[in-house]
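run.cif, holding mmCIF, N, CA and C atoms:
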```
data_structure
loop_
_atom_site.label_atom_id
_atom_site.label_comp_id
_atom_site.auth_asym_id
_atom_site.auth_seq_id
_atom_site.Cartn_x
_atom_site.Cartn_y
_atom_site.Cartn_z
N MET N 1 8.99 -27.71 -101.30
CA MET N 1 10.09 -27.48 -102.23
C MET N 1 11.36 -27.20 -101.42
N LYS N 2 12.46 -27.59 -102.02
CA LYS N 2 13.75 -27.40 -101.36
C LYS N 2 14.78 -26.98 -102.40
N ILE N 3 15.83 -26.31 -101.91
CA ILE N 3 16.93 -25.93 -102.79
C ILE N 3 18.26 -26.22 -102.10
N LYS N 4 19.30 -26.18 -102.87
CA LYS N 4 20.65 -26.37 -102.34
C LYS N 4 21.18 -24.99 -101.90
N ALA N 5 20.82 -24.61 -100.69
CA ALA N 5 21.13 -23.27 -100.19
C ALA N 5 22.62 -23.08 -99.91
N LEU N 6 23.36 -24.16 -99.72
CA LEU N 6 24.79 -24.07 -99.41
C LEU N 6 25.65 -24.31 -100.65
N GLU N 7 25.03 -24.35 -101.80
CA GLU N 7 25.77 -24.61 -103.04
C GLU N 7 26.86 -23.55 -103.23
N GLY N 8 28.05 -24.00 -103.53
CA GLY N 8 29.17 -23.10 -103.73
C GLY N 8 29.98 -22.86 -102.47
N PHE N 9 29.51 -23.34 -101.32
CA PHE N 9 30.27 -23.21 -100.07
C PHE N 9 31.40 -24.23 -100.08
N ASN N 10 32.57 -23.82 -99.60
CA ASN N 10 33.68 -24.77 -99.50
C ASN N 10 33.54 -25.58 -98.20
N ARG N 11 34.45 -26.54 -98.01
CA ARG N 11 34.35 -27.42 -96.84
C ARG N 11 34.42 -26.66 -95.52
N ALA N 12 35.28 -25.67 -95.45
CA ALA N 12 35.42 -24.89 -94.21
C ALA N 12 34.13 -24.13 -93.90
N GLU N 13 33.48 -23.61 -94.92
CA GLU N 13 32.24 -22.87 -94.71
C GLU N 13 31.11 -23.81 -94.28
N VAL N 14 31.06 -25.00 -94.89
CA VAL N 14 30.06 -25.99 -94.50
C VAL N 14 30.31 -26.42 -93.05
N GLN N 15 31.58 -26.61 -92.69
CA GLN N 15 31.90 -26.99 -91.32
C GLN N 15 31.51 -25.88 -90.34
N LEU N 16 31.67 -24.64 -90.74
CA LEU N 16 31.25 -23.52 -89.90
C LEU N 16 29.73 -23.55 -89.68
N VAL N 17 28.99 -23.86 -90.73
CA VAL N 17 27.53 -23.99 -90.60
C VAL N 17 27.19 -25.11 -89.62
N ILE N 18 27.88 -26.24 -89.73
CA ILE N 18 27.65 -27.37 -88.82
C ILE N 18 27.94 -26.96 -87.38
N ASP N 19 29.07 -26.29 -87.17
CA ASP N 19 29.44 -25.87 -85.82
C ASP N 19 28.44 -24.90 -85.23
N THR N 20 27.97 -23.95 -86.04
CA THR N 20 27.02 -22.97 -85.51
C THR N 20 25.66 -23.61 -85.23
N LEU N 21 25.25 -24.58 -86.05
CA LEU N 21 23.99 -25.29 -85.76
C LEU N 21 24.11 -26.06 -84.45
N ARG N 22 25.24 -26.73 -84.25
CA ARG N 22 25.44 -27.46 -83.00
C ARG N 22 25.40 -26.51 -81.80
N LEU N 23 26.05 -25.38 -81.92
CA LEU N 23 26.07 -24.40 -80.84
C LEU N 23 24.67 -23.86 -80.57
N SER N 24 23.89 -23.66 -81.62
CA SER N 24 22.56 -23.07 -81.45
C SER N 24 21.59 -24.01 -80.75
N MET N 25 21.90 -25.31 -80.70
CA MET N 25 21.02 -26.27 -80.05
C MET N 25 21.11 -26.22 -78.53
N LYS N 26 22.21 -25.69 -78.02
CA LYS N 26 22.42 -25.68 -76.57
C LYS N 26 21.42 -24.76 -75.87
N GLY N 27 20.79 -25.31 -74.84
CA GLY N 27 19.88 -24.52 -74.03
C GLY N 27 18.52 -24.24 -74.66
N LYS N 28 18.21 -24.89 -75.75
CA LYS N 28 16.93 -24.68 -76.43
C LYS N 28 15.92 -25.74 -75.99
N PRO N 29 14.63 -25.47 -76.14
CA PRO N 29 13.61 -26.48 -75.83
C PRO N 29 13.76 -27.70 -76.75
N GLU N 30 13.24 -28.81 -76.32
CA GLU N 30 13.40 -30.09 -77.03
C GLU N 30 12.85 -30.03 -78.47
N LYS N 31 11.73 -29.36 -78.67
CA LYS N 31 11.16 -29.25 -80.02
C LYS N 31 12.10 -28.52 -80.97
N VAL N 32 12.68 -27.44 -80.48
CA VAL N 32 13.61 -26.65 -81.31
C VAL N 32 14.86 -27.48 -81.61
N LYS N 33 15.33 -28.22 -80.61
CA LYS N 33 16.50 -29.08 -80.81
C LYS N 33 16.25 -30.12 -81.90
N LYS N 34 15.07 -30.71 -81.90
CA LYS N 34 14.74 -31.74 -82.90
C LYS N 34 14.71 -31.15 -84.30
N LEU N 35 14.11 -29.96 -84.45
CA LEU N 35 14.07 -29.31 -85.76
C LEU N 35 15.47 -28.94 -86.24
N THR N 36 16.27 -28.42 -85.32
CA THR N 36 17.64 -28.05 -85.68
C THR N 36 18.46 -29.28 -86.01
N GLU N 37 18.21 -30.37 -85.30
CA GLU N 37 18.93 -31.62 -85.56
C GLU N 37 18.65 -32.15 -86.96
N ILE N 38 17.44 -31.97 -87.45
CA ILE N 38 17.10 -32.40 -88.81
C ILE N 38 17.95 -31.63 -89.82
N SER N 39 18.02 -30.32 -89.64
CA SER N 39 18.84 -29.48 -90.53
C SER N 39 20.31 -29.86 -90.41
N LEU N 40 20.77 -30.06 -89.19
CA LEU N 40 22.16 -30.41 -88.94
C LEU N 40 22.52 -31.72 -89.63
N ASN N 41 21.67 -32.72 -89.50
CA ASN N 41 21.95 -34.02 -90.14
C ASN N 41 21.99 -33.92 -91.65
N LYS N 42 21.13 -33.09 -92.23
CA LYS N 42 21.16 -32.90 -93.68
C LYS N 42 22.49 -32.29 -94.12
N VAL N 43 22.95 -31.28 -93.38
CA VAL N 43 24.21 -30.62 -93.75
C VAL N 43 25.39 -31.56 -93.52
N ILE N 44 25.36 -32.34 -92.44
CA ILE N 44 26.44 -33.30 -92.19
C ILE N 44 26.49 -34.36 -93.28
N ASP N 45 25.32 -34.89 -93.64
CA ASP N 45 25.26 -35.98 -94.63
C ASP N 45 25.57 -35.54 -96.05
N HIS N 46 25.09 -34.35 -96.43
CA HIS N 46 25.19 -33.94 -97.83
C HIS N 46 26.09 -32.73 -98.08
N GLY N 47 26.56 -32.09 -97.04
CA GLY N 47 27.45 -30.95 -97.19
C GLY N 47 26.80 -29.82 -97.97
N ALA N 48 27.53 -29.30 -98.95
CA ALA N 48 27.04 -28.17 -99.75
C ALA N 48 25.89 -28.57 -100.66
N ASN N 49 25.65 -29.87 -100.83
CA ASN N 49 24.56 -30.34 -101.69
C ASN N 49 23.28 -30.64 -100.92
N ALA N 50 23.21 -30.23 -99.66
CA ALA N 50 22.02 -30.49 -98.85
C ALA N 50 20.82 -29.73 -99.39
N ASP N 51 19.71 -30.44 -99.54
CA ASP N 51 18.45 -29.80 -99.94
C ASP N 51 17.76 -29.25 -98.70
N LEU N 52 17.57 -27.94 -98.66
CA LEU N 52 17.01 -27.28 -97.49
C LEU N 52 15.74 -26.54 -97.86
N ASP N 53 14.79 -26.52 -96.93
CA ASP N 53 13.58 -25.74 -97.14
C ASP N 53 13.73 -24.37 -96.48
N GLY N 54 12.71 -23.56 -96.56
CA GLY N 54 12.78 -22.20 -96.06
C GLY N 54 13.06 -22.12 -94.56
N MET N 55 12.41 -22.98 -93.78
CA MET N 55 12.62 -22.96 -92.34
C MET N 55 14.06 -23.32 -91.98
N GLU N 56 14.61 -24.29 -92.67
CA GLU N 56 16.00 -24.70 -92.41
C GLU N 56 16.98 -23.60 -92.79
N MET N 57 16.70 -22.90 -93.87
CA MET N 57 17.56 -21.78 -94.25
C MET N 57 17.50 -20.68 -93.19
N LYS N 58 16.31 -20.43 -92.64
CA LYS N 58 16.18 -19.43 -91.58
C LYS N 58 16.95 -19.86 -90.34
N GLN N 59 16.89 -21.14 -90.00
CA GLN N 59 17.63 -21.64 -88.84
C GLN N 59 19.13 -21.44 -89.01
N ILE N 60 19.64 -21.75 -90.18
CA ILE N 60 21.07 -21.62 -90.43
C ILE N 60 21.47 -20.15 -90.39
N THR N 61 20.68 -19.30 -91.02
CA THR N 61 20.97 -17.86 -91.01
C THR N 61 20.98 -17.32 -89.59
N ARG N 62 19.98 -17.69 -88.81
CA ARG N 62 19.89 -17.24 -87.42
C ARG N 62 21.08 -17.75 -86.60
N SER N 63 21.48 -18.99 -86.83
CA SER N 63 22.63 -19.56 -86.10
C SER N 63 23.91 -18.82 -86.42
N LEU N 64 24.13 -18.53 -87.69
CA LEU N 64 25.35 -17.81 -88.09
C LEU N 64 25.36 -16.39 -87.52
N MET N 65 24.24 -15.71 -87.58
CA MET N 65 24.16 -14.35 -87.06
C MET N 65 24.37 -14.32 -85.54
N ASN N 66 23.77 -15.29 -84.84
CA ASN N 66 23.92 -15.34 -83.39
C ASN N 66 25.36 -15.62 -82.98
N LYS N 67 26.03 -16.51 -83.71
CA LYS N 67 27.42 -16.81 -83.36
C LYS N 67 28.31 -15.59 -83.62
N ALA N 68 28.09 -14.90 -84.71
CA ALA N 68 28.87 -13.68 -85.00
C ALA N 68 28.62 -12.62 -83.93
N LEU N 69 27.38 -12.48 -83.51
CA LEU N 69 27.05 -11.53 -82.45
C LEU N 69 27.70 -11.95 -81.13
N MET N 70 27.72 -13.25 -80.86
CA MET N 70 28.36 -13.74 -79.64
C MET N 70 29.85 -13.42 -79.65
N LEU N 71 30.52 -13.63 -80.79
CA LEU N 71 31.94 -13.30 -80.90
C LEU N 71 32.16 -11.81 -80.69
N HIS N 72 31.28 -11.01 -81.25
CA HIS N 72 31.38 -9.56 -81.08
C HIS N 72 31.25 -9.18 -79.61
N THR N 73 30.30 -9.80 -78.93
CA THR N 73 30.07 -9.51 -77.52
C THR N 73 31.25 -9.95 -76.65
N LEU N 74 31.78 -11.13 -76.94
CA LEU N 74 32.86 -11.68 -76.12
C LEU N 74 34.21 -11.01 -76.37
N TYR N 75 34.50 -10.70 -77.66
CA TYR N 75 35.85 -10.25 -78.01
C TYR N 75 35.93 -8.80 -78.44
N GLY N 76 34.80 -8.14 -78.64
CA GLY N 76 34.82 -6.74 -79.03
C GLY N 76 34.82 -6.54 -80.53
N ILE N 77 34.90 -5.29 -80.92
CA ILE N 77 34.79 -4.91 -82.33
C ILE N 77 36.01 -5.34 -83.14
N GLU N 78 37.17 -5.11 -82.63
CA GLU N 78 38.40 -5.31 -83.41
C GLU N 78 38.86 -6.76 -83.50
N SER N 79 38.55 -7.56 -82.51
CA SER N 79 39.02 -8.93 -82.48
C SER N 79 38.11 -9.85 -83.30
N LYS N 80 38.70 -10.85 -83.92
CA LYS N 80 37.97 -11.88 -84.69
C LYS N 80 37.15 -11.28 -85.83
N LYS N 81 37.67 -10.23 -86.44
CA LYS N 81 36.95 -9.55 -87.53
C LYS N 81 36.68 -10.48 -88.71
N THR N 82 37.68 -11.26 -89.11
CA THR N 82 37.51 -12.11 -90.29
C THR N 82 36.47 -13.20 -90.05
N GLU N 83 36.46 -13.78 -88.85
CA GLU N 83 35.48 -14.81 -88.55
C GLU N 83 34.06 -14.23 -88.55
N LYS N 84 33.91 -13.08 -87.92
CA LYS N 84 32.59 -12.44 -87.87
C LYS N 84 32.12 -12.06 -89.27
N LYS N 85 33.01 -11.49 -90.06
CA LYS N 85 32.65 -11.08 -91.41
C LYS N 85 32.23 -12.29 -92.25
N LEU N 86 32.96 -13.39 -92.11
CA LEU N 86 32.61 -14.61 -92.84
C LEU N 86 31.22 -15.09 -92.45
N MET N 87 30.93 -15.10 -91.15
CA MET N 87 29.62 -15.56 -90.70
C MET N 87 28.50 -14.65 -91.20
N TYR N 88 28.70 -13.35 -91.13
CA TYR N 88 27.70 -12.42 -91.64
C TYR N 88 27.51 -12.59 -93.15
N ASN N 89 28.60 -12.78 -93.89
CA ASN N 89 28.50 -12.96 -95.34
C ASN N 89 27.78 -14.25 -95.71
N LEU N 90 28.08 -15.34 -94.99
CA LEU N 90 27.39 -16.60 -95.25
C LEU N 90 25.90 -16.48 -94.93
N ALA N 91 25.59 -15.83 -93.82
CA ALA N 91 24.18 -15.62 -93.46
C ALA N 91 23.47 -14.78 -94.52
N HIS N 92 24.16 -13.76 -95.02
CA HIS N 92 23.57 -12.91 -96.07
C HIS N 92 23.32 -13.72 -97.35
N THR N 93 24.28 -14.55 -97.73
CA THR N 93 24.13 -15.38 -98.93
C THR N 93 22.93 -16.29 -98.81
N ILE N 94 22.80 -16.95 -97.67
CA ILE N 94 21.66 -17.86 -97.47
C ILE N 94 20.36 -17.06 -97.43
N SER N 95 20.36 -15.88 -96.84
CA SER N 95 19.16 -15.04 -96.80
C SER N 95 18.71 -14.65 -98.21
N MET N 96 19.66 -14.30 -99.06
CA MET N 96 19.32 -13.94 -100.44
C MET N 96 18.75 -15.14 -101.19
N ARG N 97 19.30 -16.31 -100.94
CA ARG N 97 18.77 -17.52 -101.57
C ARG N 97 17.38 -17.85 -101.04
N LEU N 98 17.15 -17.57 -99.76
CA LEU N 98 15.83 -17.78 -99.17
C LEU N 98 14.80 -16.86 -99.82
N ILE N 99 15.16 -15.61 -100.03
CA ILE N 99 14.25 -14.66 -100.66
C ILE N 99 13.91 -15.12 -102.09
N ALA N 100 14.92 -15.54 -102.84
CA ALA N 100 14.68 -16.03 -104.20
C ALA N 100 13.80 -17.28 -104.17
N PHE N 101 14.05 -18.16 -103.21
CA PHE N 101 13.26 -19.38 -103.04
C PHE N 101 11.80 -19.04 -102.76
N GLN N 102 11.57 -18.09 -101.86
CA GLN N 102 10.21 -17.71 -101.51
C GLN N 102 9.50 -17.03 -102.67
N ARG N 103 10.23 -16.25 -103.44
CA ARG N 103 9.61 -15.61 -104.61
C ARG N 103 9.19 -16.64 -105.65
N GLU N 104 10.03 -17.66 -105.82
CA GLU N 104 9.75 -18.67 -106.84
C GLU N 104 8.66 -19.64 -106.40
N TYR N 105 8.71 -20.09 -105.15
CA TYR N 105 7.82 -21.16 -104.71
C TYR N 105 6.71 -20.70 -103.77
N GLY N 106 6.77 -19.47 -103.32
CA GLY N 106 5.73 -18.96 -102.41
C GLY N 106 4.45 -18.67 -103.16
N PRO N 107 3.38 -18.43 -102.44
CA PRO N 107 2.10 -18.13 -103.11
C PRO N 107 2.14 -16.77 -103.79
N SER N 108 1.57 -16.72 -104.97
CA SER N 108 1.53 -15.45 -105.68
C SER N 108 0.31 -14.66 -105.20
N ILE N 109 0.30 -13.38 -105.47
CA ILE N 109 -0.81 -12.52 -105.06
C ILE N 109 -2.09 -12.95 -105.76
N GLU N 110 -1.98 -13.37 -107.03
CA GLU N 110 -3.17 -13.80 -107.77
C GLU N 110 -3.81 -15.00 -107.11
N LYS N 111 -2.99 -15.98 -106.67
CA LYS N 111 -3.53 -17.17 -106.01
C LYS N 111 -4.21 -16.80 -104.69
N ILE N 112 -3.62 -15.88 -103.96
CA ILE N 112 -4.19 -15.46 -102.68
C ILE N 112 -5.52 -14.76 -102.90
N GLU N 113 -5.57 -13.88 -103.91
CA GLU N 113 -6.81 -13.16 -104.20
C GLU N 113 -7.91 -14.13 -104.64
N LYS N 114 -7.57 -15.12 -105.46
CA LYS N 114 -8.56 -16.12 -105.89
C LYS N 114 -9.08 -16.91 -104.69
N ALA N 115 -8.18 -17.28 -103.80
CA ALA N 115 -8.58 -18.05 -102.62
C ALA N 115 -9.48 -17.22 -101.72
N GLN N 116 -9.18 -15.94 -101.55
CA GLN N 116 -10.01 -15.08 -100.72
C GLN N 116 -11.38 -14.88 -101.35
N THR N 117 -11.43 -14.74 -102.67
CA THR N 117 -12.70 -14.57 -103.37
C THR N 117 -13.54 -15.83 -103.25
N ALA N 118 -12.93 -17.00 -103.38
CA ALA N 118 -13.64 -18.25 -103.25
C ALA N 118 -14.21 -18.41 -101.85
N VAL N 119 -13.46 -18.03 -100.85
CA VAL N 119 -13.95 -18.13 -99.47
C VAL N 119 -15.10 -17.17 -99.25
N THR N 120 -15.00 -15.97 -99.80
CA THR N 120 -16.06 -14.96 -99.65
C THR N 120 -17.34 -15.44 -100.32
N VAL N 121 -17.25 -15.98 -101.53
CA VAL N 121 -18.43 -16.47 -102.26
C VAL N 121 -19.03 -17.64 -101.52
N HIS N 122 -18.21 -18.54 -101.01
CA HIS N 122 -18.70 -19.71 -100.29
C HIS N 122 -19.39 -19.33 -99.00
N ALA N 123 -18.90 -18.29 -98.34
CA ALA N 123 -19.44 -17.87 -97.05
C ALA N 123 -20.81 -17.21 -97.20
N SER N 124 -21.11 -16.65 -98.38
CA SER N 124 -22.38 -15.94 -98.52
C SER N 124 -23.47 -16.78 -99.08
#
```
Rewrite the structure of this file - the entire thing - as structure tokens.
Amino acid sequence: MKIKALEGFNRAEVQLVIDTLRLSMKGKPEKVKKLTEISLNKVIDHGANADLDGMEMKQITRSLMNKALMLHTLYGIESKKTEKKLMYNLAHTISMRLIAFQREYGPSIEKIEKAQTAVTVHAS
């Protein structure tokens, strides 16, 4: 299942997501680069209407948080406040959408309990 996690983001915010994903690919192992590239291409092609799954939302959130932390480390607390705040807010928005996505499409406790009971009965 996938959702439009960037829905409601303006062009500048979508571009910020693209830039942070590109930055996050530097110095990473090839497997991580390929996974990030899939997310990046979706956001480039579809913008705010990109259908993203849970892993892609986590990648974007992590990229935004890391870039904000990098700005904080490089420029200090007082400098680039608006950019850092925007990145943290976008990451928070995507995180909240991820939580709602997982609640709606993730396994319920009843399904997990039934699966465990079936395995237990089958094993005996």
Could you please determine the separation between atom CA of N:Leu52 and atom CA of N:Lys80 in Å, to one decimal place?
-> 29.0 Å
Name the residues captured by the PyMOL selection byres (((chain N and resi 21 and name CA) around 12) and name CA) when it is applied to the shown file; answer as an NGL selection string.
-> :N and (14-20 or 22-26 or 28 or 32-44 or 56-67)
What's the 6 Å shell around N:Ala48, counting only C-alpha atoms, without same-chain residues fewer than 3 positions away, as a list in words?
-> Leu6, Glu7 and Phe9 of chain N
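One finds atom CA of N:Lys4 at 10.3 Å from atom CA of N:Leu98.
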What does the distance from atom CA of N:Arg97 to atom CA of N:Ala5 come to in Å, to one decimal?
-> 6.4 Å
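Checking N:Ile99, N:Tyr105, N:Gly76, N:Ile3 one by one against N:Ala50, counting only N, CA and C atoms, you find the shortest gap at N:Ile3.
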So which residues of chain N fall under helix (DSSP H, G or I) by DSSP, listed as a PyMOL selection string?
-> chain N and resi 11-25+30-49+54-75+81-105+109-123
